[in-house]
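**Q** Please find one structure pasted underneath; my questions will follow.
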Amino acid sequence: YAWTGPNGYTSTQQNPTDATESGLYELIVTVDGCVSEMTTTQVTFTDAPVATASNNGPVCAGNPLTLQGSANLAGTTTYAWTGPNGYSSTQQNPTDATESGVYELIVTVDGCVSTMTTTQVTITDTPIAMASNNGPICTGNSLTLQGSADLVGTTTYAWIGPNGYSSAQQNPTDATESGVYELIVTVDGCVSTMTTTQVTITDLPIAIASNNGPVCTGNPLTLQGSVDQTGTTTYDWTGPNGYTSTLQSPTDATESGVYELVVTVDGCVSEMVST
């Protein structure tokens with residue numbers, strides 16, 4: 001056997017395997033000294049495709065993830081994706097991947113197989129927002145809305161509330177209305193579901209002080225206290241010569257003069273009134 005081919009190729013093997021060039025290869029066979037005519041075969045070497053793998057991530061949990069595959073050659077093309085937990089797909093750009101991790105792609109073009117390429121997928125958990133406040137508080141005291149999230153990262157806060165209230169602070173202190181306040185937290189671009197906190201701002205009680213006087217010496221004097229609200233209530237009377245009482249309507253005052261009353265209802269303290 002006498003093979004010749006491109007770039008000075010020669011071989012005396014019947015079926016040589018060392019040809020590396022596309023082109024025309026010629027063969028002459030000699031049998032018992034008798035030489036054949038030359039015959040030829042056309043050899044075609046096709047370049048292996050170069051596969052490219054990418055994805056649209058990072059994405060937030062629940063948002064669509066797309067794996068993106070391509071090759072540098074045109075032709076009859078197939079795609080073979082593999083990934084975490086036994087994932088596989090023959091789509092060029094599958095949208096059914098749900099796990100973070102490394103995804104591998106092999107592309108075949110006209111029967112020629114690429115080397116494996118990979119893409120790293122990152123699926124970020126959705127943050128869980130938490131909203132609370134330091135209430136209930138009394139009118140005139142400072143209200144603080146308190147926001148947090150279970151994830152760390154670049155974080156933004158969006159509060160809304162009664163009468164068009166809004167704030168981008170984590171813990172705003174400028175809310176002045178009772179009602180429901182809503183919070184959404186965004187961490188690294190991933191948005192939480194809305195959470196809420198109920199704010200209660202209690203009006204200050206209005207105390208009323210009076211007495212059954214004037215009375216004659218020796219007759220009983222009764223201080224009379226009341227308030228415009230219901231709840232857990234305490235009374236604090238003060239008066240002449242160090243007089244004090246925590247009764248609502250004490251009967252032990254014995255001096256003429258001004259008696260002062262402060263009433264506390266559910267922790268909220270009235271202004272002082274007198275009789």
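Naming scheme: A, B, ... for chains in displayed order of the structure tokens; residues 1 onward per chain; ligands 1 onward as shown.
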If we count only C-alpha atoms and set the cut-off at 6 Å, which residues sit around Gln146 (chain A), ignoring sequence neighbours fewer than 3 positions away in its own chain? Please answer as a ChimeraX atom specification.
**A** /A:131-133,171
**Q** Would you list, as a VMD selection string, the residues of region 104-210 of chain A that end up in strand (DSSP E or B) under DSSP run on this structure's backbone?
**A** chain A and resid 104 to 109 112 to 113 117 to 121 123 to 124 129 to 133 137 to 138 145 to 149 155 to 161 165 to 167 179 to 187 190 to 191 195 to 199 201 to 202 207 to 210
**Q** Between CA of Thr66 (chain A) and CA of Val50 (chain A), measure the distance and give it in Å to one decimal.
**A**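 Pair CA of Thr66 (chain A) / CA of Val50 (chain A) returns 20.1 Å.
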**Q** For Thr193 (chain A), work out the shell of residues within 12 Å, counting only C-alpha atoms and skipping chain neighbours fewer than 5 positions away, then give it as a PyMOL selection string.
**A** chain A and resi 62+126-131+149+158+182-187
**Q** Got a sec: who's within 9 Å of region 1-3 of chain A, counting only C-alpha atoms, leaving out chain neighbours fewer than 5 positions off, as a compact mmCIF listing (two decimals) with N, CA and C atoms, in the first residue's frame?
**A**
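Produced file part.txt, reproduced below:
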# COMPACT_ATOMS: atom_id res chain seq x y z
N TYR A 9 2.29 13.96 3.09
CA TYR A 9 1.91 12.78 3.85
C TYR A 9 2.16 11.52 3.04
N THR A 10 2.74 10.47 3.68
CA THR A 10 2.91 9.14 3.08
C THR A 10 2.71 8.08 4.15
N SER A 11 2.25 6.92 3.70
CA SER A 11 2.13 5.78 4.60
C SER A 11 2.10 4.51 3.78
N THR A 12 2.67 3.44 4.33
CA THR A 12 2.60 2.12 3.68
C THR A 12 1.67 1.19 4.45
N GLN A 13 0.93 1.75 5.45
CA GLN A 13 -0.05 0.96 6.17
C GLN A 13 -1.30 0.77 5.30
N GLN A 14 -1.99 -0.36 5.52
CA GLN A 14 -3.23 -0.55 4.78
C GLN A 14 -4.29 0.47 5.23
N PRO A 16 -3.95 3.43 7.64
CA PRO A 16 -3.21 4.30 8.56
C PRO A 16 -4.16 5.19 9.36
N TYR A 25 -6.51 12.25 -0.46
CA TYR A 25 -5.49 11.22 -0.20
C TYR A 25 -5.55 10.19 -1.34
N GLU A 26 -4.36 9.82 -1.81
CA GLU A 26 -4.24 8.93 -2.98
C GLU A 26 -3.67 7.59 -2.53
N LEU A 27 -4.14 6.53 -3.19
CA LEU A 27 -3.70 5.18 -2.83
C LEU A 27 -3.37 4.38 -4.08
N ILE A 28 -2.19 3.74 -4.05
CA ILE A 28 -1.79 2.75 -5.08
C ILE A 28 -1.48 1.45 -4.35
N VAL A 29 -2.06 0.37 -4.87
CA VAL A 29 -1.86 -0.94 -4.26
C VAL A 29 -1.09 -1.83 -5.25
N THR A 30 -0.07 -2.52 -4.74
CA THR A 30 0.71 -3.45 -5.57
C THR A 30 0.48 -4.86 -5.06
**Q** One decimal, in Å: what's the spacing between CA of Leu65 (chain A) and CA of Cys112 (chain A)?
**A**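 Atom-to-atom, CA of Leu65 (chain A) to CA of Cys112 (chain A), that is 28.6 Å.
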**Q** Go through A:Gly213, A:Pro84, A:Gly75, A:Gly267 and flag the residue nearest Thr251 (chain A), using only C-alpha atoms for the distances.
**A**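 Of all the options, A:Gly213 lies closest to Thr251 (chain A).
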**Q** Write out as a ChimeraX atom specification each polymer residue whose atoms come within 9 Å of Val102 (chain A), counting only C-alpha atoms; drop sequence neighbours fewer than 5 positions from it.
**A** /A:82-84,118-122
**Q** If you count only C-alpha atoms, which residues fall within 12 Å of Leu247 (chain A), apart from same-chain ones fewer than 5 positions away, as a PDB file with N, CA and C atoms, in the first residue's frame?
**A**
ATOM      1  N   THR A 222     -64.974  65.321 101.456  1.00  0.00           N
ATOM      2  CA  THR A 222     -64.650  64.282 100.468  1.00  0.00           C
ATOM      3  C   THR A 222     -64.044  64.935  99.230  1.00  0.00           C
ATOM      4  N   LEU A 223     -62.822  64.511  98.899  1.00  0.00           N
ATOM      5  CA  LEU A 223     -62.232  64.876  97.599  1.00  0.00           C
ATOM      6  C   LEU A 223     -62.801  63.922  96.553  1.00  0.00           C
ATOM      7  N   GLN A 224     -63.143  64.430  95.392  1.00  0.00           N
ATOM      8  CA  GLN A 224     -63.799  63.615  94.374  1.00  0.00           C
ATOM      9  C   GLN A 224     -62.974  63.624  93.082  1.00  0.00           C
ATOM     10  N   GLY A 225     -62.476  62.439  92.707  1.00  0.00           N
ATOM     11  CA  GLY A 225     -61.669  62.311  91.491  1.00  0.00           C
ATOM     12  C   GLY A 225     -62.351  61.453  90.449  1.00  0.00           C
ATOM     13  N   SER A 226     -62.151  61.817  89.182  1.00  0.00           N
ATOM     14  CA  SER A 226     -62.664  60.998  88.079  1.00  0.00           C
ATOM     15  C   SER A 226     -61.800  61.235  86.846  1.00  0.00           C
ATOM     16  N   THR A 233     -56.486  52.115  86.387  1.00  0.00           N
ATOM     17  CA  THR A 233     -56.436  53.533  86.787  1.00  0.00           C
ATOM     18  C   THR A 233     -55.881  53.678  88.193  1.00  0.00           C
ATOM     19  N   THR A 234     -54.992  54.668  88.334  1.00  0.00           N
ATOM     20  CA  THR A 234     -54.505  55.044  89.669  1.00  0.00           C
ATOM     21  C   THR A 234     -54.711  56.545  89.867  1.00  0.00           C
ATOM     22  N   TYR A 235     -54.884  56.928  91.135  1.00  0.00           N
ATOM     23  CA  TYR A 235     -55.123  58.327  91.511  1.00  0.00           C
ATOM     24  C   TYR A 235     -54.022  58.760  92.468  1.00  0.00           C
ATOM     25  N   ASP A 236     -53.513  59.954  92.246  1.00  0.00           N
ATOM     26  CA  ASP A 236     -52.476  60.516  93.127  1.00  0.00           C
ATOM     27  C   ASP A 236     -52.893  61.938  93.519  1.00  0.00           C
ATOM     28  N   TRP A 237     -53.358  62.047  94.819  1.00  0.00           N
ATOM     29  CA  TRP A 237     -53.740  63.335  95.391  1.00  0.00           C
ATOM     30  C   TRP A 237     -52.591  63.898  96.215  1.00  0.00           C
ATOM     31  N   THR A 238     -52.389  65.185  96.130  1.00  0.00           N
ATOM     32  CA  THR A 238     -51.487  65.888  97.052  1.00  0.00           C
ATOM     33  C   THR A 238     -52.206  67.148  97.523  1.00  0.00           C
ATOM     34  N   ASP A 252     -60.207  61.780 104.059  1.00  0.00           N
ATOM     35  CA  ASP A 252     -59.350  62.060 105.218  1.00  0.00           C
ATOM     36  C   ASP A 252     -58.655  63.413 105.145  1.00  0.00           C
ATOM     37  N   ALA A 253     -58.998  64.245 104.167  1.00  0.00           N
ATOM     38  CA  ALA A 253     -58.414  65.595 104.116  1.00  0.00           C
ATOM     39  C   ALA A 253     -59.051  66.467 105.193  1.00  0.00           C
ATOM     40  N   LEU A 261     -54.592  66.697  91.716  1.00  0.00           N
ATOM     41  CA  LEU A 261     -54.832  65.312  91.332  1.00  0.00           C
ATOM     42  C   LEU A 261     -54.182  65.016  89.983  1.00  0.00           C
ATOM     43  N   VAL A 262     -53.468  63.888  89.961  1.00  0.00           N
ATOM     44  CA  VAL A 262     -52.950  63.309  88.704  1.00  0.00           C
ATOM     45  C   VAL A 262     -53.506  61.902  88.590  1.00  0.00           C
ATOM     46  N   VAL A 263     -54.070  61.574  87.413  1.00  0.00           N
ATOM     47  CA  VAL A 263     -54.648  60.240  87.184  1.00  0.00           C
ATOM     48  C   VAL A 263     -53.853  59.541  86.088  1.00  0.00           C
TER      49      VAL A 263
END
**Q** Taking only C-alpha atoms into account, which of A:Pro49, A:Gly239, A:Pro172, A:Gly140 comes nearest Thr78 (chain A)?
**A**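 Smallest distance to Thr78 (chain A) is found for A:Pro49.
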**Q** State, in Å with one decimal place, the distance from CA of Pro162 (chain A) to CA of Thr200 (chain A).
**A**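 So the answer is 12.0 Å.
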**Q** I want to know what sits within 12 Å of Gly231 (chain A), based on only C-alpha atoms, with residues of the same chain fewer than 3 positions away left out; could you give that as a VMD selection string?
**A** chain A and resid 202 205 227 to 228 234 263 to 268
**Q** Restricting the calculation to only C-alpha atoms: of A:Pro136, A:Gly8, A:Gly101, A:Gly218, which residue gets closest to Gly179 (chain A)?
**A**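 Closest to Gly179 (chain A) of all the choices is A:Pro136.
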**Q** Select, from A:Val191, A:Ala80, A:Ala71, A:Val107, the residue with the minimum atom-to-atom distance to Leu151 (chain A), counting only C-alpha atoms.
**A**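 Using only C-alpha atoms, Leu151 (chain A) sits closest to A:Val191.
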